[in-house]
$ cat target_16.cif   # mmCIF, C-alpha atoms
data_input
#
loop_
_atom_site.label_atom_id
_atom_site.label_comp_id
_atom_site.auth_asym_id
_atom_site.auth_seq_id
_atom_site.Cartn_x
_atom_site.Cartn_y
_atom_site.Cartn_z
CA LEU S 1 0.00 0.00 0.00
CA LEU S 2 2.77 2.45 0.87
CA PHE S 3 4.53 1.70 -2.41
CA VAL S 4 1.34 2.34 -4.41
CA LEU S 5 0.65 5.61 -2.60
CA GLY S 6 4.22 6.70 -3.12
CA THR S 7 4.00 5.94 -6.82
CA VAL S 8 0.75 7.88 -7.19
CA SER S 9 2.03 10.93 -5.34
CA CYS S 10 5.25 10.91 -7.34
CA THR S 11 3.30 10.77 -10.60
CA LEU S 12 1.07 13.65 -9.52
CA PHE S 13 4.13 15.68 -8.61
CA LEU S 14 5.62 15.14 -12.07
CA VAL S 15 2.39 16.13 -13.79
CA VAL S 16 2.05 19.33 -11.76
CA ASN S 17 5.58 20.39 -12.66
CA SER S 18 5.38 19.53 -16.38
CA LEU S 19 2.45 21.33 -18.00
CA TYR S 20 4.35 21.42 -21.30
CA SER S 21 7.00 19.21 -22.88
CA ALA S 22 9.40 19.37 -25.82
CA SER S 23 6.92 17.37 -27.92
CA ASP S 24 4.29 20.12 -27.70
CA ASP S 25 4.03 23.00 -30.15
CA VAL S 26 4.11 25.37 -27.15
CA ILE S 27 7.56 26.94 -26.84
CA GLU S 28 8.91 26.98 -23.27
CA LEU S 29 10.33 30.43 -22.48
CA THR S 30 12.82 31.36 -19.75
CA PRO S 31 14.83 34.45 -18.77
CA THR S 32 17.67 32.99 -20.84
CA ASN S 33 15.83 32.74 -24.15
CA PHE S 34 12.91 35.21 -23.80
CA ASN S 35 14.72 38.22 -25.21
CA LYS S 36 16.04 36.35 -28.24
CA GLU S 37 12.90 34.33 -28.97
CA VAL S 38 10.21 36.93 -28.31
CA ILE S 39 11.54 40.49 -28.05
CA GLN S 40 13.93 40.22 -31.01
CA SER S 41 11.43 38.29 -33.12
CA GLU S 42 9.52 39.62 -36.12
CA SER S 43 6.72 37.16 -35.31
CA LEU S 44 3.57 37.76 -33.36
CA TRP S 45 3.67 35.91 -30.02
CA LEU S 46 1.04 34.75 -27.56
CA VAL S 47 2.67 34.03 -24.21
CA GLU S 48 1.06 32.36 -21.20
CA PHE S 49 2.56 33.07 -17.77
CA TYR S 50 1.57 30.15 -15.54
CA ALA S 51 2.27 28.35 -12.27
CA PRO S 52 2.37 24.52 -12.34
CA TRP S 53 0.22 24.25 -9.19
CA CYS S 54 -2.51 26.59 -10.52
CA GLY S 55 -5.76 24.78 -11.27
CA HIS S 56 -6.88 27.31 -13.91
CA CYS S 57 -3.51 26.88 -15.66
CA GLN S 58 -3.88 23.09 -15.66
CA ARG S 59 -7.35 23.41 -17.23
CA LEU S 60 -6.02 25.84 -19.85
CA THR S 61 -3.09 23.58 -20.84
CA PRO S 62 -4.88 21.29 -23.39
CA GLU S 63 -6.57 24.30 -25.02
CA TRP S 64 -3.27 26.19 -25.17
CA LYS S 65 -1.60 23.17 -26.82
CA LYS S 66 -4.41 22.87 -29.40
CA ALA S 67 -4.13 26.58 -30.22
CA ALA S 68 -0.35 26.27 -30.58
CA THR S 69 -0.72 23.39 -33.02
CA ALA S 70 -3.37 25.23 -35.05
CA LEU S 71 -1.25 28.40 -35.22
CA LYS S 72 2.03 26.64 -36.00
CA GLY S 73 3.97 28.53 -38.67
CA VAL S 74 1.55 31.49 -38.38
CA VAL S 75 1.76 32.79 -34.79
CA LYS S 76 4.25 31.73 -32.12
CA VAL S 77 2.71 30.37 -28.91
CA GLY S 78 4.86 30.24 -25.76
CA ALA S 79 4.63 29.60 -22.04
CA VAL S 80 6.60 30.88 -19.04
CA ASP S 81 6.68 29.06 -15.69
CA ALA S 82 6.35 32.34 -13.78
CA ASP S 83 6.46 30.53 -10.45
CA LYS S 84 9.96 29.31 -11.29
CA HIS S 85 11.00 32.45 -13.21
CA GLN S 86 9.51 35.15 -10.98
CA SER S 87 11.81 37.86 -12.37
CA LEU S 88 10.31 37.39 -15.84
CA GLY S 89 6.76 37.45 -14.53
CA GLY S 90 7.52 40.54 -12.45
CA GLN S 91 8.99 42.30 -15.47
CA TYR S 92 5.62 42.04 -17.23
CA GLY S 93 3.48 42.82 -14.18
CA VAL S 94 2.08 39.30 -13.75
CA ARG S 95 -0.07 39.28 -10.61
CA GLY S 96 -2.13 36.13 -11.10
CA PHE S 97 -2.21 32.89 -13.08
CA PRO S 98 -2.68 32.27 -15.89
CA THR S 99 -1.86 35.63 -17.47
CA ILE S 100 -1.76 35.76 -21.28
CA LYS S 101 0.00 38.54 -23.15
CA ILE S 102 0.19 39.35 -26.87
CA PHE S 103 3.57 40.56 -28.14
CA GLY S 104 2.79 42.25 -31.45
CA ALA S 105 4.49 44.93 -33.54
CA ASN S 106 5.90 46.78 -30.54
CA LYS S 107 7.43 44.04 -28.41
CA ASN S 108 8.12 46.51 -25.61
CA LYS S 109 4.38 47.08 -25.13
CA ALA S 110 2.68 43.74 -24.68
CA GLU S 111 -1.13 43.68 -24.64
CA ASP S 112 -3.20 41.70 -22.14
CA TYR S 113 -5.38 38.96 -23.63
CA GLN S 114 -8.86 39.17 -22.08
CA GLY S 115 -10.69 36.60 -24.23
CA GLY S 116 -12.04 33.14 -23.56
CA ARG S 117 -9.92 30.19 -22.46
CA THR S 118 -10.86 27.86 -25.33
CA SER S 119 -8.58 27.06 -28.26
CA ASP S 120 -11.11 28.62 -30.67
CA ALA S 121 -11.15 31.92 -28.77
CA ILE S 122 -7.37 31.97 -28.49
CA VAL S 123 -6.91 31.32 -32.23
CA ASP S 124 -9.46 34.01 -33.13
CA ALA S 125 -7.64 36.56 -30.97
CA ALA S 126 -4.28 35.60 -32.46
CA LEU S 127 -5.54 36.00 -36.04
CA SER S 128 -7.19 39.33 -35.19
CA ALA S 129 -3.92 40.61 -33.70
CA LEU S 130 -2.04 39.30 -36.73
CA ARG S 131 -4.42 41.10 -39.09
CA SER S 132 -3.81 44.39 -37.22
CA LEU S 133 -0.04 43.88 -37.36
CA VAL S 134 -0.11 43.28 -41.14
CA LYS S 135 -2.34 46.30 -41.75
CA ASP S 136 0.02 48.48 -39.70
CA ARG S 137 2.94 47.30 -41.79
CA LEU S 138 0.98 47.98 -44.97
CA SER S 139 0.34 51.55 -43.87
CA GLY S 140 3.95 52.05 -42.78
CA ARG S 141 3.29 52.00 -39.02
CA SER S 142 5.71 49.24 -38.08
CA GLY S 143 5.91 50.05 -34.38
CA GLY S 144 8.54 47.36 -34.30
CA TYR S 145 11.44 46.73 -31.99
CA SER S 146 14.55 48.86 -32.52
CA SER S 147 17.90 47.23 -31.97
CA GLY S 148 19.12 50.36 -30.22
CA LYS S 149 22.14 50.62 -32.50
CA GLN S 150 21.24 54.16 -33.38
CA SER S 151 21.13 55.25 -29.75
CA ARG S 152 24.56 53.76 -29.06
CA GLU S 153 26.12 55.48 -32.04
CA SER S 154 24.32 58.78 -31.59
CA GLY S 155 24.34 58.86 -27.79
CA GLY S 156 20.54 58.89 -27.73
CA GLY S 157 18.52 59.38 -24.57
CA ASP S 158 17.82 55.65 -24.11
CA LYS S 159 21.40 55.12 -22.97
CA LYS S 160 21.73 58.25 -20.86
CA ASP S 161 22.70 56.31 -17.72
CA VAL S 162 25.19 53.92 -19.35
CA ILE S 163 28.69 55.37 -18.91
CA GLU S 164 30.90 54.99 -22.00
CA LEU S 165 34.48 54.16 -20.99
CA THR S 166 37.73 54.24 -22.95
CA ASP S 167 41.37 53.20 -22.56
CA ASP S 168 42.08 56.69 -21.25
CA SER S 169 39.15 57.08 -18.84
CA PHE S 170 38.80 53.55 -17.45
CA ASP S 171 41.32 53.53 -14.59
CA LYS S 172 40.38 56.98 -13.33
CA ASN S 173 36.68 56.13 -13.24
CA VAL S 174 36.63 52.45 -12.30
CA ILE S 175 39.82 51.21 -10.65
CA ASN S 176 40.07 54.05 -8.13
CA SER S 177 36.33 54.18 -7.41
CA ASP S 178 34.58 53.26 -4.17
CA ASP S 179 31.51 52.36 -6.23
CA VAL S 180 30.69 49.01 -7.82
CA TRP S 181 30.94 48.89 -11.62
CA MET S 182 29.31 46.48 -14.06
CA VAL S 183 31.09 46.91 -17.38
CA GLU S 184 29.94 45.52 -20.73
CA PHE S 185 32.65 44.98 -23.34
CA TYR S 186 30.96 45.04 -26.76
CA ALA S 187 31.58 45.17 -30.49
CA PRO S 188 29.32 47.39 -32.64
CA TRP S 189 28.79 44.59 -35.20
CA CYS S 190 27.86 41.96 -32.58
CA GLY S 191 24.22 40.80 -32.76
CA HIS S 192 24.13 39.61 -29.14
CA CYS S 193 25.41 43.04 -28.05
CA LYS S 194 22.58 44.72 -29.96
CA ASN S 195 20.09 42.40 -28.28
CA LEU S 196 21.52 43.24 -24.86
CA GLU S 197 21.64 46.99 -25.40
CA PRO S 198 18.05 48.02 -24.56
CA GLU S 199 18.10 45.74 -21.49
CA TRP S 200 21.45 47.20 -20.35
CA ALA S 201 20.20 50.76 -20.89
CA ALA S 202 16.95 50.20 -18.98
CA ALA S 203 18.82 48.44 -16.17
CA ALA S 204 21.33 51.32 -15.93
CA THR S 205 18.56 53.81 -15.22
CA GLU S 206 16.84 51.62 -12.65
CA VAL S 207 20.11 50.71 -10.89
CA LYS S 208 21.16 54.35 -10.71
CA GLU S 209 17.89 55.24 -9.00
CA GLN S 210 17.75 52.28 -6.62
CA THR S 211 21.38 52.44 -5.48
CA LYS S 212 21.67 56.26 -5.59
CA GLY S 213 24.55 55.88 -8.04
CA LYS S 214 26.57 53.47 -5.90
CA VAL S 215 26.42 50.78 -8.60
CA LYS S 216 27.22 51.97 -12.10
CA LEU S 217 26.64 50.32 -15.48
CA ALA S 218 29.16 51.09 -18.19
CA ALA S 219 30.12 50.04 -21.72
CA VAL S 220 33.44 49.70 -23.54
CA ASP S 221 33.76 49.39 -27.32
CA ALA S 222 36.38 46.65 -27.26
CA THR S 223 37.14 47.04 -30.99
CA VAL S 224 38.36 50.59 -30.36
CA ASN S 225 39.76 50.24 -26.82
CA GLN S 226 41.97 47.26 -27.48
CA MET S 227 44.29 47.91 -24.52
CA LEU S 228 41.41 47.26 -22.11
CA ALA S 229 40.21 44.26 -24.12
CA GLY S 230 43.70 42.76 -23.94
CA ARG S 231 44.16 43.52 -20.24
CA TYR S 232 40.95 41.73 -19.26
CA GLY S 233 41.24 38.88 -21.77
CA ILE S 234 38.08 39.69 -23.70
CA ARG S 235 37.53 36.85 -26.18
CA GLY S 236 33.83 37.14 -27.05
CA PHE S 237 31.05 39.71 -27.07
CA PRO S 238 29.32 40.84 -25.05
CA THR S 239 31.47 40.12 -21.98
CA ILE S 240 30.32 41.68 -18.70
CA LYS S 241 32.72 42.09 -15.79
CA ILE S 242 32.14 43.30 -12.24
CA PHE S 243 34.71 45.63 -10.66
CA GLN S 244 34.89 46.29 -6.91
CA LYS S 245 37.60 48.24 -5.13
CA GLY S 246 40.45 46.06 -3.87
CA GLU S 247 39.20 42.91 -5.63
CA ASP S 248 40.00 41.21 -8.92
CA PRO S 249 37.28 41.66 -11.55
CA VAL S 250 34.83 38.76 -11.89
CA ASP S 251 32.67 37.70 -14.84
CA TYR S 252 28.93 38.31 -14.72
CA ASP S 253 27.29 35.11 -15.92
CA GLY S 254 23.66 35.85 -15.09
CA GLY S 255 20.67 36.43 -17.35
CA ARG S 256 20.61 39.18 -19.94
CA THR S 257 17.23 40.74 -19.14
CA ARG S 258 16.77 44.04 -17.35
CA SER S 259 15.39 42.33 -14.25
CA ASP S 260 18.30 39.87 -14.10
CA ILE S 261 20.85 42.67 -14.36
CA VAL S 262 19.06 44.86 -11.82
CA GLY S 263 18.75 41.92 -9.40
CA ARG S 264 22.49 41.27 -9.50
CA ALA S 265 23.28 44.98 -9.15
CA LEU S 266 21.09 45.24 -6.04
CA ASP S 267 22.78 42.17 -4.56
CA LEU S 268 26.17 43.80 -5.15
CA PHE S 269 24.90 47.02 -3.61
CA SER S 270 23.57 45.34 -0.48
CA ASP S 271 26.73 43.26 -0.08
CA ASN S 272 28.82 46.43 -0.05
CA ALA S 273 26.46 48.80 1.70
CA PRO S 274 26.82 49.43 5.43
CA PRO S 275 23.76 48.59 7.52
CA PRO S 276 21.35 51.51 7.87
CA GLU S 277 21.69 53.81 10.83
CA LEU S 278 19.58 53.09 13.89
CA LEU S 279 18.37 56.48 15.07
CA GLU S 280 16.66 57.57 18.27
CA ILE S 281 13.53 59.65 17.72
CA ILE S 282 14.64 62.84 19.43
CA SER S 283 12.74 65.25 17.16
CA GLU S 284 10.05 65.43 14.51
CA ASP S 285 12.72 65.90 11.84
CA VAL S 286 14.38 62.55 12.64
CA LEU S 287 11.08 60.69 12.29
CA LYS S 288 9.84 62.39 9.14
CA SER S 289 13.12 62.46 7.25
CA THR S 290 13.66 58.75 7.91
CA CYS S 291 10.13 57.58 7.16
CA ASP S 292 9.68 59.80 4.10
CA ALA S 293 12.95 58.62 2.55
CA HIS S 294 12.30 54.88 2.84
CA GLN S 295 9.61 52.47 1.72
CA LEU S 296 9.15 51.33 5.34
CA CYS S 297 10.45 52.64 8.63
CA ILE S 298 10.78 50.16 11.47
CA ILE S 299 10.13 51.75 14.86
CA SER S 300 10.87 50.09 18.19
CA VAL S 301 9.54 51.38 21.50
CA LEU S 302 11.91 50.11 24.19
CA PRO S 303 11.23 49.89 27.93
CA HIS S 304 12.13 52.82 30.17
CA ILE S 305 15.82 52.92 31.05
CA LEU S 306 14.96 52.39 34.73
CA ASP S 307 13.35 49.07 33.81
CA THR S 308 16.29 47.67 31.81
CA GLY S 309 19.43 49.62 32.59
CA ALA S 310 22.02 50.28 29.89
CA SER S 311 22.90 46.62 29.33
CA GLY S 312 19.26 45.61 28.82
CA ARG S 313 18.64 48.46 26.40
CA ASN S 314 21.80 47.71 24.45
CA SER S 315 20.73 44.09 24.06
CA TYR S 316 17.48 45.26 22.43
CA LEU S 317 19.38 47.69 20.19
CA ASP S 318 21.77 44.89 19.19
CA VAL S 319 18.81 42.79 18.02
CA MET S 320 17.60 45.71 15.90
CA LEU S 321 21.06 46.26 14.43
CA LYS S 322 21.30 42.59 13.44
CA MET S 323 17.92 42.79 11.73
CA ALA S 324 18.91 46.04 10.01
CA GLU S 325 21.99 44.26 8.65
CA LYS S 326 19.95 41.23 7.56
CA TYR S 327 17.38 43.34 5.71
CA LYS S 328 19.67 46.12 4.48
CA LYS S 329 18.92 45.20 0.88
CA LYS S 330 15.37 46.42 1.49
CA MET S 331 16.72 49.89 2.29
CA TRP S 332 14.29 50.49 5.15
CA GLY S 333 14.70 53.13 7.86
CA TRP S 334 15.28 52.10 11.48
CA LEU S 335 14.21 54.12 14.54
CA TRP S 336 13.70 53.67 18.26
CA THR S 337 12.29 55.58 21.20
CA GLU S 338 11.79 55.05 24.92
CA ALA S 339 8.41 54.09 26.35
CA GLY S 340 6.51 57.25 27.26
CA ALA S 341 8.85 59.63 25.42
CA GLN S 342 6.57 59.82 22.37
CA SER S 343 3.21 58.89 23.84
CA ASP S 344 1.22 60.41 20.95
CA LEU S 345 3.14 58.29 18.47
CA GLU S 346 2.57 55.16 20.57
CA SER S 347 -1.14 55.90 20.71
CA SER S 348 -1.39 56.38 16.91
CA LEU S 349 0.25 52.97 16.41
CA GLY S 350 -1.72 51.14 19.08
CA ILE S 351 1.46 50.44 21.05
CA GLY S 352 1.56 50.10 24.79
CA GLY S 353 -1.30 47.71 25.39
CA PHE S 354 0.94 44.68 25.00
CA GLY S 355 3.80 46.11 27.03
CA TYR S 356 7.35 46.83 25.97
CA PRO S 357 9.45 46.38 23.92
CA ALA S 358 7.15 46.86 20.92
CA MET S 359 7.73 47.29 17.20
CA ALA S 360 5.79 48.78 14.28
CA ALA S 361 6.58 48.99 10.56
CA ILE S 362 5.17 52.11 8.90
CA ASN S 363 4.57 52.94 5.24
CA ALA S 364 4.60 56.74 5.39
CA ARG S 365 3.25 57.14 1.84
CA LYS S 366 0.13 55.11 2.62
CA MET S 367 0.10 56.00 6.33
CA LYS S 368 -0.42 52.36 7.22
CA PHE S 369 1.40 50.25 9.79
CA ALA S 370 1.84 46.68 10.95
CA LEU S 371 2.58 45.60 14.52
CA LEU S 372 4.97 42.92 15.71
CA LYS S 373 2.78 40.32 17.41
CA GLY S 374 5.54 37.81 18.15
CA SER S 375 8.51 38.06 20.46
CA PHE S 376 11.00 40.92 20.34
CA SER S 377 13.83 38.58 19.40
CA GLU S 378 15.86 37.83 16.29
CA GLN S 379 13.50 34.99 15.42
CA GLY S 380 10.29 36.88 16.17
CA ILE S 381 11.34 40.05 14.35
CA ASN S 382 12.72 38.07 11.41
CA GLU S 383 9.38 36.32 10.92
CA PHE S 384 7.56 39.67 11.17
CA LEU S 385 9.83 41.38 8.61
CA ARG S 386 9.88 38.39 6.28
CA GLU S 387 6.09 38.48 6.05
CA LEU S 388 6.19 42.22 5.33
CA SER S 389 8.86 41.80 2.66
CA VAL S 390 6.60 39.52 0.62
CA GLY S 391 3.53 41.70 1.06
CA ARG S 392 1.81 39.68 3.76
CA GLY S 393 0.73 40.61 7.27
CA SER S 394 -2.20 42.64 8.54
CA THR S 395 -2.00 46.43 8.39
CA ALA S 396 -4.02 49.28 9.86
CA PRO S 397 -4.18 53.03 9.17
CA VAL S 398 -2.05 55.26 11.37
CA GLY S 399 -4.31 56.91 13.94
CA GLY S 400 -5.42 60.32 12.68
CA GLY S 401 -4.10 59.57 9.18
CA ALA S 402 -0.82 61.40 9.80
CA PHE S 403 2.13 61.36 12.16
CA PRO S 404 1.18 62.92 15.50
CA LYS S 405 3.15 65.59 17.34
CA ILE S 406 6.70 64.46 18.08
CA HIS S 407 8.32 65.85 21.22
CA SER S 408 11.94 66.99 21.21
CA VAL S 409 13.84 65.00 23.82
CA GLU S 410 17.43 64.68 24.94
CA PRO S 411 19.20 61.72 23.32
CA TRP S 412 20.07 58.78 25.55
CA ASP S 413 23.52 59.21 27.05
CA GLY S 414 24.25 55.50 27.05
CA LYS S 415 24.16 55.24 30.83
CA ASP S 416 21.92 53.56 33.36
CA GLY S 417 18.99 55.70 34.39
CA GLU S 418 18.82 57.45 37.74
CA LEU S 419 15.81 58.16 39.85
CA PRO S 420 15.14 61.89 40.22
CA VAL S 421 16.89 63.30 43.28
CA GLU S 422 14.49 64.55 45.96
CA ASP S 423 15.45 67.49 48.19
CA ASP S 424 16.18 66.40 51.77
CA ILE S 425 13.96 68.15 54.33
CA ASP S 426 15.71 69.25 57.50
CA LEU S 427 13.24 68.83 60.41
CA SER S 428 15.72 69.66 63.16
CA ASP S 429 14.36 73.17 63.71
CA VAL S 430 10.72 72.17 63.76
CA ASP S 431 9.03 71.82 67.14
CA LEU S 432 6.78 68.88 66.45
CA ASP S 433 4.96 69.27 69.74
CA ASP S 434 3.94 72.85 68.91
CA TRP S 435 2.97 71.78 65.40
CA ASP S 436 0.68 69.09 66.78
CA LYS S 437 -0.97 71.54 69.17
CA ASP S 438 -1.58 74.05 66.40
CA GLU S 439 -3.14 71.37 64.26
CA LEU S 440 -5.44 70.41 67.06
#
$ encode --input "target_16.cif" --output "structure tokens"
Amino acid sequence: LLFVLGTVSCTLFLVVNSLYSASDDVIELTPTNFNKEVIQSESLWLVEFYAPWCGHCQRLTPEWKKAATALKGVVKVGAVDADKHQSLGGQYGVRGFPTIKIFGANKNKAEDYQGGRTSDAIVDAALSALRSLVKDRLSGRSGGYSSGKQSRESGGGDKKDVIELTDDSFDKNVINSDDVWMVEFYAPWCGHCKNLEPEWAAAATEVKEQTKGKVKLAAVDATVNQMLAGRYGIRGFPTIKIFQKGEDPVDYDGGRTRSDIVGRALDLFSDNAPPPELLEIISEDVLKSTCDAHQLCIISVLPHILDTGASGRNSYLDVMLKMAEKYKKKMWGWLWTEAGAQSDLESSLGIGGFGYPAMAAINARKMKFALLKGSFSEQGINEFLRELSVGRGSTAPVGGGAFPKIHSVEPWDGKDGELPVEDDIDLSDVDLDDWDKDEL
């Protein structure tokens, strides 16, 4: 019985993970071949973004295969496992499964397919889109994909954030830089370089924004700058190398799509970036400047210094610093305050009822927050932040819809707290007997 069950479950597993096979007329697409097969293609494409476990996708599969067979040689029909290749799904805004997109004349502007899920409906939509594409060509409105060659040669706006380097400028800009550089060595006649160019240009702009210029994307014409090509042993095009101060250059061997390049750049940025500062909320400016500048700001309310002493407080701050280091790639802001110091803020976040320490994550743009319900420990906070990082967890609006009044306070001096000193009363000159008589 166990053997039979095991066999059945194994078979089901294989079916779920193999909606399409090489024998189908559906072309399996991945981050590795998508740009070449679809974006660079003159053909019209219908592409399904699916997840193997999705019931609707499984029901669509036989219809999608029938449509692919019927359209063979007329319209290309492809499929992307967007559960496995999330970067590709994210690039095209896939939020649910299955999502079907039509890549027509302008491959950079895919259209959503909203028709029925039968092979007849799919074929009708494909032929309608094909008819429009042919009519556009007939009238001279190609709307087609541009290789980007013109922008590279003319310095067009598409490549405004890719830094062109030469034999003369390379060392000054790259070798002595504190920044991370991703450098593409290309040849103007190279087809693969032309395919990469729009992806490289789009990635350069996004990386510049997301890393505030700390990771730079550059390009070297290796046919002109042969000294550099010889120094770094460039044998084929394009070759992409990563340069970091004090380290030997390494080859980039990842995918060639914008999202692949951006993902690697952000990893390099986070690896080299110091952890964010952990600031005490001593004024309104500290709170607002931190929360306005980051997607989320993580605020801890720690117990009063008299309850923990310096060592207890530092242990809480150490936990926050470790979490700030762990999640530094998210580029969140990190703040803390003492219980009672910012009572209006606590009230607006519903903090205090569960005791201290407490933690809230705030999205200042939406004025929404989430509260840590687990323990104030590495494990508890990690689970809380991990849920937030993937868009899960319950949120609530900040009380009043805006940050409340923040009081200016003296920063913690790092010492144990002291009880306020009370003035000693000298009773030596008081005649208690007379005082009692007067009272009576």
$ residues_around --input "target_16.cif" --residues "range 163-166 of chain S" --least-positions-apart "6" --cutoff "9 Å" --atoms "all atoms listed in the file" --output "count of residues only"
13
$ closest_residue --input "target_16.cif" --among "S:Glu199, S:Asp344, S:Asp168, S:Glu410" --to "Glu280 in chain S" --atoms "all atoms listed in the file"
S:Glu410
$ atom_distance --input "target_16.cif" --atom1 "CA of Lys214 in chain S" --atom2 "CA of Asp179 in chain S"
5.1 Å
$ atom_distance --input "target_16.cif" --atom1 "CA of Glu378 in chain S" --atom2 "CA of Met323 in chain S"
7.0 Å
$ resolve_selection --input "target_16.cif" --expression "the PyMOL selection byres ((chain S and resi 286) around 12)" --output "NGL selection string"
:S and (277-285 or 287-293 or 297 or 299 or 333-337 or 406-409 or 411)
$ atom_distance --input "target_16.cif" --atom1 "CA of Thr211 in chain S" --atom2 "CA of Lys329 in chain S"
9.9 Å
$ closest_residue --input "target_16.cif" --among "S:Pro274, S:Gly417, S:Gly246, S:Gly55" --to "Gly309 in chain S" --atoms "all atoms listed in the file"
S:Gly417
$ resolve_selection --input "target_16.cif" --expression "the PyMOL selection byres ((chain S and resi 123-139) around 9)" --output "number ranges by chain"
S: 44-46, 67-68, 70-71, 74-75, 102, 104-105, 113, 115, 118-122, 140-143
$ closest_residue --input "target_16.cif" --among "S:Pro198, S:Trp64, S:Gln58, S:Glu37" --to "Arg258 in chain S" --atoms "all atoms listed in the file"
S:Pro198
$ resolve_selection --input "target_16.cif" --expression "the PyMOL selection byres ((chain S and resi 296) around 7)" --output "PyMOL selection string"
chain S and resi 291+294-295+297-298+332-333+361-363
$ closest_residue --input "target_16.cif" --among "S:Gly96, S:Gly399, S:Gly352, S:Gly90" --to "Ala51 in chain S" --atoms "only C-alpha atoms"
S:Gly96
$ closest_residue --input "target_16.cif" --among "S:Asp83, S:Glu48, S:Asp271, S:Glu206" --to "Asp161 in chain S" --atoms "only C-alpha atoms"
S:Glu206
$ axis_aligned_box --input "target_16.cif" --around "range 358-367 of chain S" --padding-each-side "8 Å" --output "lines of an AutoDock Vina configuration file"
center_x = 3.9
center_y = 52.0
center_z = 11.4
size_x = 23.6
size_y = 26.3
size_z = 35.1
$ build_atoms --input "target_16.cif" --residues "range 372-387 of chain S" --atoms "N, CA and C atoms" --output "short mmCIF file (atom, residue, chain, number, x, y, z; two decimals), in the coordinates of the input"
data_model
loop_
_atom_site.label_atom_id
_atom_site.label_comp_id
_atom_site.auth_asym_id
_atom_site.auth_seq_id
_atom_site.Cartn_x
_atom_site.Cartn_y
_atom_site.Cartn_z
N LEU S 372 4.35 44.19 15.34
CA LEU S 372 4.97 42.92 15.71
C LEU S 372 4.10 42.26 16.77
N LYS S 373 3.61 41.05 16.45
CA LYS S 373 2.78 40.32 17.41
C LYS S 373 3.59 39.25 18.14
N GLY S 374 4.71 38.84 17.53
CA GLY S 374 5.54 37.81 18.15
C GLY S 374 6.53 38.39 19.14
N SER S 375 7.54 37.63 19.46
CA SER S 375 8.51 38.06 20.46
C SER S 375 9.50 39.06 19.88
N PHE S 376 9.99 39.95 20.75
CA PHE S 376 11.00 40.92 20.34
C PHE S 376 12.36 40.23 20.43
N SER S 377 12.60 39.37 19.44
CA SER S 377 13.83 38.58 19.40
C SER S 377 14.23 38.47 17.93
N GLU S 378 15.44 37.98 17.68
CA GLU S 378 15.86 37.83 16.29
C GLU S 378 14.86 36.98 15.51
N GLN S 379 14.44 35.88 16.11
CA GLN S 379 13.50 34.99 15.42
C GLN S 379 12.15 35.65 15.20
N GLY S 380 11.61 36.26 16.26
CA GLY S 380 10.29 36.88 16.17
C GLY S 380 10.27 38.04 15.19
N ILE S 381 11.29 38.90 15.25
CA ILE S 381 11.34 40.05 14.35
C ILE S 381 11.60 39.60 12.92
N ASN S 382 12.44 38.58 12.75
CA ASN S 382 12.72 38.07 11.41
C ASN S 382 11.45 37.56 10.74
N GLU S 383 10.64 36.82 11.48
CA GLU S 383 9.38 36.32 10.92
C GLU S 383 8.46 37.47 10.54
N PHE S 384 8.39 38.48 11.40
CA PHE S 384 7.56 39.67 11.17
C PHE S 384 8.01 40.39 9.89
N LEU S 385 9.31 40.64 9.76
CA LEU S 385 9.83 41.38 8.61
C LEU S 385 9.77 40.55 7.32
N ARG S 386 9.96 39.24 7.46
CA ARG S 386 9.88 38.39 6.28
C ARG S 386 8.48 38.42 5.68
N GLU S 387 7.46 38.40 6.53
CA GLU S 387 6.09 38.48 6.05
C GLU S 387 5.86 39.81 5.34
#
